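Data block for model-v2.txt (compact mmCIF, C-alpha atoms and all ligand atoms):
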# COMPACT_ATOMS: atom_id res chain seq x y z
CA MET A 24 -79.42 -45.09 -73.88
CA GLU A 25 -79.72 -48.02 -76.28
CA TYR A 26 -81.92 -50.85 -75.05
CA LYS A 27 -81.13 -54.23 -76.68
CA ILE A 28 -84.45 -55.44 -75.33
CA LEU A 29 -86.14 -53.26 -77.97
CA ASP A 30 -84.53 -55.13 -80.89
CA LYS A 31 -87.19 -56.42 -83.25
CA GLU A 32 -86.42 -60.15 -82.69
CA VAL A 33 -86.40 -59.76 -78.91
CA GLN A 34 -89.73 -57.92 -78.99
CA GLN A 35 -91.18 -60.67 -81.18
CA TYR A 36 -89.97 -63.28 -78.69
CA ILE A 37 -91.51 -61.29 -75.81
CA ASN A 38 -94.87 -60.97 -77.58
CA ALA A 39 -94.87 -64.66 -78.46
CA ASN A 40 -94.34 -65.58 -74.79
CA LEU A 41 -96.88 -63.35 -73.08
CA GLN A 42 -98.87 -66.40 -71.93
CA THR A 43 -95.87 -68.61 -71.08
CA ASP A 44 -95.28 -69.56 -67.44
CA LEU A 45 -92.61 -67.13 -66.24
CA HIS A 46 -90.93 -69.59 -63.83
CA SER A 47 -90.30 -72.14 -66.57
CA LEU A 48 -89.19 -69.38 -68.94
CA LEU A 49 -86.62 -68.22 -66.38
CA LEU A 50 -85.06 -71.69 -66.38
CA LYS A 51 -84.44 -71.52 -70.12
CA LYS A 52 -81.38 -70.08 -71.80
CA SER A 53 -81.95 -66.77 -73.55
CA PRO A 54 -81.87 -67.13 -77.35
CA PHE A 55 -80.17 -63.73 -77.54
CA ALA A 56 -76.49 -63.13 -76.78
CA GLU A 57 -76.96 -59.63 -75.43
CA VAL A 58 -80.26 -59.95 -73.59
CA SER A 59 -80.68 -62.18 -70.53
CA MET A 60 -83.77 -64.25 -69.80
CA LEU A 61 -84.27 -62.17 -66.65
CA GLU A 62 -84.58 -59.02 -68.75
CA ILE A 63 -87.06 -60.74 -71.08
CA VAL A 64 -89.18 -62.00 -68.17
CA GLN A 65 -89.13 -58.51 -66.65
CA GLN A 66 -90.72 -57.10 -69.83
CA ILE A 67 -93.34 -59.85 -70.00
CA LYS A 68 -94.20 -59.31 -66.34
CA GLY A 69 -94.40 -55.54 -66.96
CA LYS A 70 -96.82 -55.96 -69.86
CA LYS A 71 -99.00 -58.26 -67.74
CA VAL A 72 -99.09 -55.80 -64.85
CA ALA A 73 -99.71 -52.89 -67.24
CA LEU A 74 -102.79 -54.60 -68.67
CA LYS A 75 -104.66 -53.96 -65.43
CA LYS A 76 -102.63 -51.33 -63.61
CA PHE A 77 -101.44 -48.90 -66.30
CA PRO A 78 -102.97 -49.75 -69.67
CA PHE A 79 -101.75 -46.44 -71.17
CA LEU A 80 -98.27 -48.03 -71.24
CA LEU A 81 -99.28 -50.92 -73.51
CA LYS A 82 -97.48 -49.40 -76.45
CA GLU A 83 -94.56 -50.44 -78.56
CA GLU A 84 -91.11 -49.53 -77.24
CA ILE A 85 -92.20 -48.95 -73.66
CA ILE A 86 -89.73 -50.46 -71.17
CA PHE A 87 -90.78 -51.95 -67.84
CA PRO A 88 -88.65 -51.87 -64.68
CA PRO A 89 -88.18 -54.70 -62.12
CA ASN A 90 -91.15 -55.99 -60.17
CA LEU A 91 -90.58 -53.90 -57.03
CA ASN A 92 -90.88 -50.68 -59.06
CA LEU A 93 -94.05 -51.98 -60.74
CA GLU A 94 -95.51 -52.78 -57.33
CA GLN A 95 -94.54 -49.42 -55.85
CA ALA A 96 -96.07 -47.49 -58.75
CA SER A 97 -99.56 -46.05 -58.47
CA SER A 98 -102.27 -47.34 -60.75
CA GLN A 99 -103.48 -45.30 -63.72
CA ALA A 100 -106.95 -45.16 -62.12
CA THR A 101 -105.76 -43.53 -58.89
CA ALA A 102 -103.23 -41.29 -60.69
CA GLU A 103 -105.91 -39.97 -63.07
CA PHE A 104 -108.21 -39.33 -60.14
CA LYS A 105 -105.50 -37.44 -58.22
CA ALA A 106 -104.68 -35.36 -61.30
CA GLN A 107 -108.13 -33.77 -61.42
CA ASP A 108 -108.03 -30.00 -60.85
CA LEU A 109 -104.22 -29.83 -60.69
CA GLN A 110 -102.59 -27.20 -62.84
CA GLY A 111 -99.90 -24.56 -62.74
CA LYS A 112 -96.55 -23.55 -64.11
CA SER A 113 -94.03 -25.80 -62.38
CA PHE A 114 -94.39 -29.35 -61.03
CA LEU A 115 -91.78 -31.27 -59.03
CA ASP A 116 -91.98 -35.00 -58.19
CA LEU A 117 -89.29 -35.81 -55.62
CA THR A 118 -89.89 -39.58 -55.62
CA THR A 119 -90.60 -40.29 -59.28
CA GLY A 120 -90.29 -44.10 -59.20
CA PHE A 121 -91.80 -45.47 -62.44
CA GLY A 122 -93.38 -42.04 -62.98
CA ILE A 123 -97.04 -43.08 -63.18
CA ASP A 124 -98.23 -40.42 -60.73
CA ALA A 125 -95.91 -37.84 -62.32
CA TYR A 126 -97.22 -38.59 -65.82
CA PHE A 127 -100.82 -37.79 -64.89
CA LEU A 128 -100.38 -35.23 -62.11
CA SER A 129 -98.08 -33.04 -64.20
CA GLN A 130 -100.11 -33.05 -67.40
CA ASN A 131 -101.44 -29.52 -66.88
CA PHE A 132 -98.10 -27.97 -65.86
CA ASP A 133 -95.66 -26.19 -68.20
CA GLU A 134 -92.43 -27.29 -66.52
CA VAL A 135 -91.92 -30.72 -64.99
CA THR A 136 -88.95 -31.79 -62.85
CA LEU A 137 -88.55 -35.43 -61.88
CA VAL A 138 -86.13 -36.55 -59.15
CA GLU A 139 -85.30 -40.21 -58.57
CA GLN A 140 -82.33 -41.75 -56.79
CA ASN A 141 -82.35 -45.03 -58.77
CA PRO A 142 -80.28 -44.47 -61.96
CA GLU A 143 -81.69 -47.40 -64.00
CA LEU A 144 -85.23 -46.43 -63.10
CA ILE A 145 -84.93 -42.77 -64.09
CA GLU A 146 -83.33 -43.86 -67.41
CA ILE A 147 -86.36 -46.06 -68.10
CA VAL A 148 -88.76 -43.23 -67.23
CA LYS A 149 -86.81 -40.86 -69.48
CA HIS A 150 -87.00 -43.34 -72.36
CA ASN A 151 -90.75 -43.95 -71.85
CA TRP A 152 -91.61 -40.25 -71.58
CA ASP A 153 -89.79 -39.74 -74.85
CA ILE A 154 -91.92 -42.44 -76.48
CA LEU A 155 -95.02 -40.86 -74.91
CA ASP A 156 -93.97 -37.45 -76.21
CA ARG A 157 -93.72 -35.80 -72.81
CA ASN A 158 -90.98 -33.43 -71.67
CA ALA A 159 -89.36 -33.14 -68.26
CA VAL A 160 -86.09 -32.35 -66.54
CA PHE A 161 -84.83 -35.71 -65.20
CA SER A 162 -82.65 -35.52 -62.12
CA ASN A 163 -80.87 -38.64 -60.94
CA GLN A 164 -79.91 -37.84 -57.39
CA ASN A 165 -81.30 -38.24 -53.96
CA LEU A 166 -83.85 -35.59 -53.17
CA GLU A 167 -81.94 -34.29 -50.16
CA ASP A 168 -79.08 -33.30 -52.50
CA PHE A 169 -81.53 -31.92 -55.04
CA LEU A 170 -83.16 -29.75 -52.38
CA SER A 171 -79.90 -28.42 -51.00
CA GLY A 172 -78.81 -27.29 -54.49
CA ASN A 173 -82.20 -25.97 -55.56
CA LYS A 174 -83.03 -22.25 -55.78
CA GLU A 175 -86.36 -22.50 -57.66
CA ARG A 176 -89.93 -22.37 -56.41
CA PHE A 177 -92.55 -24.86 -57.58
CA ASP A 178 -96.34 -24.56 -57.85
CA LEU A 179 -96.75 -28.14 -56.70
CA ILE A 180 -94.42 -30.65 -55.07
CA TYR A 181 -95.50 -34.29 -55.06
CA LEU A 182 -94.03 -37.09 -52.93
CA ASP A 183 -94.83 -40.79 -52.76
CA PRO A 184 -92.29 -42.06 -50.22
CA ALA A 185 -91.10 -45.67 -50.26
CA ARG A 186 -91.36 -47.91 -47.20
CA ARG A 187 -87.83 -48.55 -45.91
CA ASP A 188 -88.78 -52.07 -44.97
CA GLU A 189 -91.68 -53.51 -46.95
CA HIS A 190 -92.11 -56.36 -44.47
CA LYS A 191 -92.35 -54.33 -41.32
CA ASN A 192 -95.88 -54.71 -40.07
CA LYS A 193 -95.54 -52.81 -36.84
CA LYS A 194 -97.09 -49.45 -36.22
CA PHE A 195 -96.68 -47.35 -39.33
CA LEU A 196 -94.46 -44.35 -38.62
CA LEU A 197 -93.39 -41.48 -40.84
CA GLU A 198 -89.80 -42.20 -39.80
CA ASP A 199 -90.11 -45.57 -41.58
CA LEU A 200 -90.39 -43.82 -44.92
CA SER A 201 -87.79 -42.75 -47.44
CA PRO A 202 -87.63 -39.77 -47.48
CA ASN A 203 -88.36 -38.96 -43.85
CA LEU A 204 -91.03 -36.28 -44.28
CA LEU A 205 -90.50 -34.95 -40.77
CA GLN A 206 -86.96 -33.97 -41.68
CA ILE A 207 -87.79 -32.20 -44.95
CA GLN A 208 -91.20 -30.62 -44.37
CA ARG A 209 -89.86 -27.17 -43.40
CA GLN A 210 -87.48 -27.12 -46.33
CA LEU A 211 -90.30 -28.00 -48.74
CA ARG A 212 -92.63 -25.32 -47.39
CA LYS A 213 -89.98 -22.70 -48.23
CA ILE A 214 -90.08 -23.50 -51.97
CA THR A 215 -93.76 -24.19 -52.56
CA ASP A 216 -97.27 -23.33 -51.43
CA GLN A 217 -98.65 -26.73 -52.27
CA ILE A 218 -97.40 -30.19 -51.30
CA ILE A 219 -99.25 -33.43 -51.99
CA ILE A 220 -98.04 -36.61 -50.30
CA LYS A 221 -99.25 -40.14 -50.99
CA LEU A 222 -99.18 -42.44 -47.98
CA SER A 223 -100.18 -45.99 -47.15
CA PRO A 224 -103.71 -46.45 -45.81
CA LEU A 225 -102.16 -48.19 -42.79
CA ILE A 226 -101.13 -44.87 -41.32
CA ASP A 227 -103.19 -43.40 -38.51
CA ILE A 228 -104.89 -40.11 -39.43
CA SER A 229 -104.67 -38.44 -36.00
CA TYR A 230 -100.95 -39.33 -35.80
CA LEU A 231 -100.46 -37.78 -39.24
CA LEU A 232 -102.22 -34.58 -38.20
CA SER A 233 -100.07 -34.30 -35.11
CA GLU A 234 -96.78 -34.76 -36.99
CA LEU A 235 -97.17 -32.87 -40.28
CA LYS A 236 -97.81 -29.14 -40.27
CA ASN A 237 -100.39 -27.22 -42.33
CA ILE A 238 -102.47 -30.15 -43.53
CA THR A 239 -105.59 -28.74 -45.19
CA GLU A 240 -107.10 -31.91 -46.58
CA ILE A 241 -106.74 -35.69 -46.44
CA GLN A 242 -108.23 -37.82 -49.17
CA ILE A 243 -108.86 -41.51 -48.64
CA ILE A 244 -108.91 -43.27 -51.98
CA ALA A 245 -110.33 -46.76 -52.42
CA VAL A 246 -110.73 -48.71 -55.64
CA ARG A 247 -113.72 -51.07 -55.57
CA ASN A 248 -113.78 -50.84 -51.79
CA GLU A 249 -110.09 -51.62 -51.25
CA VAL A 250 -108.42 -48.61 -49.65
CA LYS A 251 -105.31 -47.90 -51.72
CA GLU A 252 -103.94 -44.59 -50.55
CA LEU A 253 -104.12 -41.61 -48.26
CA LEU A 254 -103.42 -38.35 -50.02
CA VAL A 255 -102.30 -35.49 -47.83
CA PHE A 256 -102.61 -31.87 -48.99
CA ILE A 257 -100.34 -29.32 -47.33
CA LYS A 258 -100.89 -25.60 -47.95
CA PRO A 259 -100.41 -22.41 -45.97
CA LYS A 260 -103.54 -22.04 -43.86
CA THR A 261 -105.09 -19.78 -41.30
CA LEU A 262 -105.76 -21.09 -37.80
CA LYS A 263 -109.50 -20.93 -38.48
CA GLU A 264 -109.36 -23.07 -41.59
CA LYS A 265 -110.79 -26.52 -41.01
CA ILE A 266 -109.20 -29.77 -42.12
CA LYS A 267 -111.30 -31.51 -44.72
CA ILE A 268 -111.49 -35.30 -45.04
CA VAL A 269 -112.68 -36.67 -48.39
CA CYS A 270 -113.52 -40.35 -48.94
CA THR A 271 -113.77 -41.72 -52.48
CA ASN A 272 -114.47 -45.23 -53.72
CA LEU A 273 -113.34 -45.36 -57.36
CA GLU A 274 -114.79 -47.71 -59.98
CA THR A 275 -118.11 -47.85 -58.13
CA ASN A 276 -121.17 -45.64 -58.50
CA GLU A 277 -120.86 -44.43 -54.90
CA SER A 278 -120.61 -40.68 -54.29
CA SER A 279 -117.63 -39.13 -52.50
CA PHE A 280 -118.22 -38.22 -48.88
CA SER A 281 -116.48 -35.37 -47.10
CA PHE A 282 -116.55 -33.86 -43.64
CA GLU A 283 -114.55 -31.54 -41.42
CA TYR A 284 -112.17 -33.41 -39.15
CA ASP A 285 -113.01 -31.28 -36.10
CA THR A 286 -116.77 -31.53 -36.46
CA GLU A 287 -116.62 -35.34 -36.22
CA LYS A 288 -115.87 -34.93 -32.49
CA SER A 289 -119.00 -32.85 -31.90
CA ALA A 290 -121.26 -34.85 -34.25
CA VAL A 291 -123.48 -37.39 -32.51
CA SER A 292 -125.13 -40.61 -33.56
CA GLU A 293 -128.51 -41.71 -32.34
CA TYR A 294 -129.34 -45.39 -31.95
CA SER A 295 -132.25 -47.42 -33.24
CA GLU A 296 -133.51 -50.94 -33.80
CA PRO A 297 -133.27 -51.90 -37.51
CA LEU A 298 -135.54 -50.00 -39.86
CA GLN A 299 -136.24 -50.84 -43.53
CA TYR A 300 -132.73 -50.12 -44.84
CA LEU A 301 -129.34 -51.13 -43.51
CA TYR A 302 -126.40 -48.89 -44.48
CA ILE A 303 -122.82 -50.19 -44.43
CA PRO A 304 -120.20 -47.49 -45.15
CA ASN A 305 -117.49 -48.29 -47.68
CA ASN A 306 -113.95 -48.90 -46.47
CA ALA A 307 -112.78 -45.38 -47.33
CA VAL A 308 -115.39 -43.95 -44.95
CA LEU A 309 -114.51 -46.54 -42.31
CA LYS A 310 -110.82 -45.60 -42.60
CA SER A 311 -111.71 -41.89 -42.24
CA GLY A 312 -113.26 -42.39 -38.82
CA GLY A 313 -116.17 -40.10 -39.81
CA PHE A 314 -118.68 -42.37 -38.12
CA ASN A 315 -120.85 -39.68 -36.56
CA SER A 316 -120.47 -37.31 -39.52
CA VAL A 317 -121.87 -39.92 -41.91
CA SER A 318 -124.77 -40.55 -39.59
CA GLU A 319 -125.55 -36.82 -39.25
CA LYS A 320 -125.16 -36.04 -42.95
CA PHE A 321 -127.55 -38.78 -44.07
CA THR A 322 -129.81 -38.71 -40.96
CA LEU A 323 -129.10 -42.31 -40.18
CA LYS A 324 -129.28 -44.05 -36.84
CA LYS A 325 -126.70 -46.52 -35.61
CA LEU A 326 -127.54 -50.03 -34.52
CA HIS A 327 -124.82 -50.16 -31.86
CA ARG A 328 -121.91 -48.07 -30.61
CA ASN A 329 -119.39 -50.84 -31.45
CA SER A 330 -120.37 -51.54 -35.04
CA HIS A 331 -120.68 -49.23 -37.99
CA PHE A 332 -124.06 -50.40 -39.18
CA TYR A 333 -126.59 -47.65 -39.80
CA THR A 334 -130.31 -47.75 -40.44
CA ALA A 335 -133.17 -45.61 -41.77
CA GLU A 336 -136.75 -46.05 -42.88
CA ASP A 337 -136.07 -44.39 -46.24
CA LEU A 338 -133.64 -44.86 -49.09
CA LYS A 339 -130.65 -42.46 -49.20
CA SER A 340 -129.14 -43.31 -52.54
CA GLU A 341 -126.21 -40.87 -52.12
CA PHE A 342 -124.88 -42.92 -49.18
CA PRO A 343 -121.21 -43.89 -49.69
CA GLY A 344 -121.44 -47.64 -49.21
CA ARG A 345 -123.81 -50.57 -49.40
CA ILE A 346 -127.54 -50.16 -48.92
CA LEU A 347 -129.50 -53.30 -48.10
CA LYS A 348 -133.24 -53.67 -47.66
CA VAL A 349 -133.60 -55.86 -44.59
CA GLU A 350 -136.04 -57.54 -42.24
CA THR A 351 -135.32 -58.94 -38.80
CA ILE A 352 -135.82 -62.68 -38.62
CA ASP A 353 -136.01 -65.23 -35.86
CA SER A 354 -133.27 -67.87 -35.87
CA LYS A 355 -136.04 -70.52 -35.97
CA ASN A 356 -136.81 -69.41 -39.52
CA ILE A 357 -133.34 -70.37 -40.78
CA LYS A 358 -133.71 -73.77 -42.45
CA LYS A 359 -131.00 -76.40 -42.65
CA GLY A 360 -129.43 -76.35 -46.13
CA ASP A 361 -130.48 -72.73 -46.89
CA GLN A 362 -127.93 -70.71 -48.84
CA PHE A 363 -126.80 -67.26 -47.71
CA ASN A 364 -123.80 -64.95 -47.65
CA ILE A 365 -123.04 -64.49 -43.97
CA ILE A 366 -121.91 -61.24 -42.36
CA SER A 367 -121.07 -61.30 -38.66
CA LYS A 368 -120.18 -58.01 -36.94
CA ASN A 369 -120.23 -57.31 -33.23
CA TYR A 370 -121.69 -60.80 -32.71
CA PRO A 371 -120.24 -63.63 -30.62
CA LEU A 372 -120.05 -66.20 -33.45
CA SER A 373 -117.83 -66.05 -36.56
CA PRO A 374 -119.38 -66.72 -40.02
CA ASP A 375 -117.93 -70.26 -39.95
CA GLU A 376 -119.39 -70.96 -36.54
CA ILE A 377 -122.76 -69.59 -37.71
CA LYS A 378 -122.73 -71.81 -40.81
CA LYS A 379 -121.97 -74.84 -38.65
CA LYS A 380 -124.58 -74.01 -36.01
CA TYR A 381 -127.45 -73.42 -38.47
CA LYS A 382 -126.18 -75.91 -41.08
CA ILE A 383 -126.41 -73.34 -43.85
CA LYS A 384 -124.44 -73.12 -47.07
CA ASP A 385 -122.37 -70.18 -48.22
CA GLY A 386 -123.27 -68.16 -51.33
CA GLY A 387 -126.37 -67.19 -53.24
CA LYS A 388 -127.66 -63.66 -53.63
CA ASP A 389 -129.19 -63.05 -50.20
CA TYR A 390 -127.40 -62.13 -47.00
CA LEU A 391 -127.86 -63.02 -43.36
CA ILE A 392 -126.37 -60.39 -41.09
CA PHE A 393 -125.65 -61.34 -37.50
CA THR A 394 -125.11 -58.36 -35.24
CA GLN A 395 -126.56 -56.55 -32.24
CA THR A 396 -128.41 -53.36 -31.46
CA GLU A 397 -128.07 -51.46 -28.19
CA LYS A 398 -130.77 -53.78 -26.83
CA ASN A 399 -130.59 -57.22 -28.50
CA LYS A 400 -128.62 -59.65 -30.61
CA ILE A 401 -130.33 -59.74 -33.99
CA ILE A 402 -130.35 -61.52 -37.35
CA LEU A 403 -131.18 -59.51 -40.47
CA ARG A 404 -132.07 -60.98 -43.82
CA THR A 405 -131.81 -59.10 -47.09
CA PHE A 406 -134.49 -59.41 -49.74
C1 LIG A 501 -93.24 -45.51 -54.05
S1 LIG A 501 -92.06 -45.14 -55.27
C2 LIG A 501 -92.85 -43.90 -56.23
C3 LIG A 501 -93.81 -44.44 -57.23
C4 LIG A 501 -94.40 -43.38 -58.12
N1 LIG A 501 -95.29 -42.48 -57.43
C5 LIG A 501 -95.13 -43.99 -59.31
O1 LIG A 501 -96.35 -43.77 -59.47
O2 LIG A 501 -94.47 -44.70 -60.07
C6 LIG A 501 -90.88 -44.23 -54.35
C7 LIG A 501 -89.62 -43.90 -55.13
O3 LIG A 501 -88.92 -42.91 -54.37
C8 LIG A 501 -87.54 -43.11 -54.52
N2 LIG A 501 -86.87 -42.50 -53.36
C9 LIG A 501 -86.97 -42.86 -52.06
N3 LIG A 501 -86.22 -42.08 -51.27
C10 LIG A 501 -85.62 -41.19 -52.10
C11 LIG A 501 -84.69 -40.13 -51.89
N4 LIG A 501 -84.26 -39.84 -50.66
N5 LIG A 501 -84.29 -39.43 -52.97
C12 LIG A 501 -84.74 -39.72 -54.22
N6 LIG A 501 -85.59 -40.73 -54.49
C13 LIG A 501 -86.03 -41.45 -53.44
C14 LIG A 501 -87.38 -44.61 -54.57
O4 LIG A 501 -86.18 -44.98 -55.24
C15 LIG A 501 -88.66 -45.05 -55.32
O5 LIG A 501 -88.41 -45.24 -56.67
Show how you would write the structure in this file as structure tokens.
Ligand SMILES: C[S@@+](CC[C@H](N)C(=O)[O-])C[C@H]1O[C@@H](n2cnc3c(N)ncnc32)[C@H](O)[C@@H]1O
Amino acid sequence: MEYKILDKEVQQYINANLQTDLHSLLLKKSPFAEVSMLEIVQQIKGKKVALKKFPFLLKEEIIFPPNLNLEQASSQATAEFKAQDLQGKSFLDLTTGFGIDAYFLSQNFDEVTLVEQNPELIEIVKHNWDILDRNAVFSNQNLEDFLSGNKERFDLIYLDPARRDEHKNKKFLLEDLSPNLLQIQRQLRKITDQIIIKLSPLIDISYLLSELKNITEIQIIAVRNEVKELLVFIKPKTLKEKIKIVCTNLETNESSFSFEYDTEKSAVSEYSEPLQYLYIPNNAVLKSGGFNSVSEKFTLKKLHRNSHFYTAEDLKSEFPGRILKVETIDSKNIKKGDQFNIISKNYPLSPDEIKKKYKIKDGGKDYLIFTQTEKNKIILRTF
């Protein structure tokens, strides 16, 4: 397909307007007869998003799709992380989208098949893969049709379903996704021994385990403490095989933390008043629900059953989260006008109410942590 947007003059215009306000640009008339301003703005927007989200695409002649497809695409950072240890002969992505996951996940496979229902999008991916010197079979159809006509087996099938309604904030159900995984899971298991599914972090892990068969592992992936995705691994497994949960916080120096889903139920936490160090798990660990497992693994004690604050006398530098050296202080020692970052967890006052009550300012490098132990309400100060 010939893209007028790639004409030299249009590309020059795009590069000259990378810093221009896109709203005002949209109001202007396009200087080119065959390229609309909307198409130009789409490319500028794409380059801006790519700068942070997929820098490997900042190359000449790469085409960017509309905003929704940019938003739905995975980031290069998470895709590269997911690609680790994946290899084989044949790879199938049933929900290719902009193909970011496919590009990285399939790099150690000999044959790559990409299915996408959106015709313009798959054309763009085809064009870009050509520029990037990567081969694949591109299939523009819905995956249900692809599956009913397919006779091949694949070493790995990857799916990153789209939300049917992006604005629906109710309970997150698998039925809300396109494709509906519940309807196709049996069919998929017949043509592969390995399925990887990317899901939103909003989904409940126990619900997932009750609905999808043969889950062997769930990875919770955060980037700088923002949980971005749940990655579900489905493989044939024996009844005895345990489900592994792995929590990773990318772009930090925190180690990954993993535990067996079933052992969390039998793991126990002990309680203690604050000791020298306070441990706050990262959001991937909090999402995993491995609250007792983390306490057992690092021999930490909890401050209270309703908060996920842990404590120990010694430093456990492998802990997946923040480690703060703390001392308990009396509220009388908080001086009017002092500056602190305020954390309030499992405490009757919100940070704003605390700031007002003690007349303290927000910011600085030290923290005041308002919380409670099994016995008392306490204030901790970092130093
Ligand atoms: C979340 S996006 C995938 C993003 C992709 N992983 C990436 O990194 O760019 C989901 C894509 O699946 C496609 N899709 C959803 N349901 C489909 C179906 N039944 N058949 C084929 N494609 C489908 C959508 O058109 C959309 O482009």
- Distance of CA of Ala245 (chain A) from atom N5 of ligand LIG 501 (chain A), expressed in Å to one decimal place: 27.1 Å
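With all atoms listed in the file counted, the chains near ligand LIG 501 (chain A) contribute these residues within 7 Å: Asn92, Gln95, Ala96, Ser97, Leu117, Thr118, Thr119, Gly120, Phe121, Gly122, Ile123, Asp124, Ala125, Val138, Glu139, Gln140, Asn141, Gln164, Asn165, Leu166, Glu167, Asp183, Pro184, Ala185, Ser201 and Pro202 of chain A.
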- Task: Tell me, as a ChimeraX atom specification, which residues lie within 10 Å of Gly312 (chain A), counting only C-alpha atoms; anything in the same chain fewer than 2 positions away does not count.
- Result: /A:228-229,268,284,287,307-310,314-317
- Query: Do you know which residues are at most 7 Å from Leu179 (chain A) counting all atoms listed in the file, after dropping those on the same chain fewer than 4 positions away, and could you put them as a list in words?
  - Reply: Ser113, Phe114, Leu115, Thr215, Gln217 and Ile218 of chain A
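Taking CA of Lys258 (chain A) and CA of Arg212 (chain A) as the two end points, the separation is 8.3 Å.
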When you look at region 273-277 of chain A with a cut-off of 6 Å (counting only C-alpha atoms), what residues show up, excluding the ones that are within fewer than 5 positions of it in the same chain? I need them as a PDB file with C-alpha atoms, keeping the file's coordinate frame.
ATOM      1  CA  ALA A 245    -110.330 -46.760 -52.420  1.00  0.00           C
ATOM      2  CA  VAL A 246    -110.730 -48.710 -55.640  1.00  0.00           C
ATOM      3  CA  ARG A 247    -113.720 -51.070 -55.570  1.00  0.00           C
ATOM      4  CA  PRO A 343    -121.210 -43.890 -49.690  1.00  0.00           C
TER       5      PRO A 343
END
- Between A:Ile86, A:Asn369, A:Ile219, A:His150, which has the minimum distance to Leu128 (chain A) (counting all atoms listed in the file)? A:Ile219
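The space between CA of Lys400 (chain A) and CA of Pro374 (chain A) spans 15.0 Å.
Shortest separation to Leu29 (chain A) among A:Glu249, A:Glu84, A:Asp168, A:Glu57 occurs at residue A:Glu84, atoms counted being only C-alpha atoms.
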Take every atom of region 48-54 of chain A listed in the file, pad by 8 Å on each side, and give me the axis-aligned box centre and edge lengths in Å, one decimal, as JSON.
{"center_x": -85.3, "center_y": -69.2, "center_z": -71.9, "size_x": 23.8, "size_y": 20.9, "size_z": 27.0}
- Would you mind telling me which residue in A:Ile366, A:Leu41, A:Leu301, A:Leu48 lies nearest to Lys71 (chain A) when using all atoms listed in the file? A:Leu41
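Minimum distance to Pro297 (chain A) across A:Val250, A:Ile401, A:Ile220, A:Leu372 (counting only C-alpha atoms) occurs at A:Ile401.
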With the input short on atoms, add N, CA and C atoms back to region 158-171 of chain A and write it as an mmCIF file, in the coordinates of the input.
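Result saved to part-v2.cif:
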data_model
loop_
_atom_site.group_PDB
_atom_site.id
_atom_site.type_symbol
_atom_site.label_atom_id
_atom_site.label_comp_id
_atom_site.auth_asym_id
_atom_site.auth_seq_id
_atom_site.Cartn_x
_atom_site.Cartn_y
_atom_site.Cartn_z
ATOM 1 N N ASN A 158 -92.267 -34.036 -72.058
ATOM 2 C CA ASN A 158 -90.980 -33.430 -71.670
ATOM 3 C C ASN A 158 -90.858 -33.305 -70.162
ATOM 4 N N ALA A 159 -89.629 -33.409 -69.677
ATOM 5 C CA ALA A 159 -89.360 -33.140 -68.260
ATOM 6 C C ALA A 159 -87.863 -32.957 -68.079
ATOM 7 N N VAL A 160 -87.498 -32.380 -66.939
ATOM 8 C CA VAL A 160 -86.090 -32.350 -66.540
ATOM 9 C C VAL A 160 -85.918 -33.553 -65.621
ATOM 10 N N PHE A 161 -85.014 -34.477 -65.982
ATOM 11 C CA PHE A 161 -84.830 -35.710 -65.200
ATOM 12 C C PHE A 161 -83.596 -35.548 -64.320
ATOM 13 N N SER A 162 -83.771 -35.728 -63.029
ATOM 14 C CA SER A 162 -82.650 -35.520 -62.120
ATOM 15 C C SER A 162 -82.367 -36.783 -61.318
ATOM 16 N N ASN A 163 -81.218 -37.407 -61.644
ATOM 17 C CA ASN A 163 -80.870 -38.640 -60.940
ATOM 18 C C ASN A 163 -79.986 -38.340 -59.735
ATOM 19 N N GLN A 164 -80.643 -38.039 -58.650
ATOM 20 C CA GLN A 164 -79.910 -37.840 -57.390
ATOM 21 C C GLN A 164 -80.874 -38.050 -56.251
ATOM 22 N N ASN A 165 -80.325 -38.118 -55.023
ATOM 23 C CA ASN A 165 -81.300 -38.240 -53.960
ATOM 24 C C ASN A 165 -81.882 -36.849 -53.693
ATOM 25 N N LEU A 166 -83.105 -36.855 -53.232
ATOM 26 C CA LEU A 166 -83.850 -35.590 -53.170
ATOM 27 C C LEU A 166 -83.264 -34.625 -52.149
ATOM 28 N N GLU A 167 -82.569 -35.162 -51.147
ATOM 29 C CA GLU A 167 -81.940 -34.290 -50.160
ATOM 30 C C GLU A 167 -80.870 -33.435 -50.854
ATOM 31 N N ASP A 168 -80.092 -34.055 -51.750
ATOM 32 C CA ASP A 168 -79.080 -33.300 -52.500
ATOM 33 C C ASP A 168 -79.745 -32.329 -53.463
ATOM 34 N N PHE A 169 -80.815 -32.798 -54.114
ATOM 35 C CA PHE A 169 -81.530 -31.920 -55.040
ATOM 36 C C PHE A 169 -82.005 -30.665 -54.308
ATOM 37 N N LEU A 170 -82.598 -30.875 -53.119
ATOM 38 C CA LEU A 170 -83.160 -29.750 -52.380
ATOM 39 C C LEU A 170 -82.080 -28.786 -51.908
ATOM 40 N N SER A 171 -80.926 -29.343 -51.502
ATOM 41 C CA SER A 171 -79.900 -28.420 -51.000
ATOM 42 C C SER A 171 -79.305 -27.582 -52.130
#
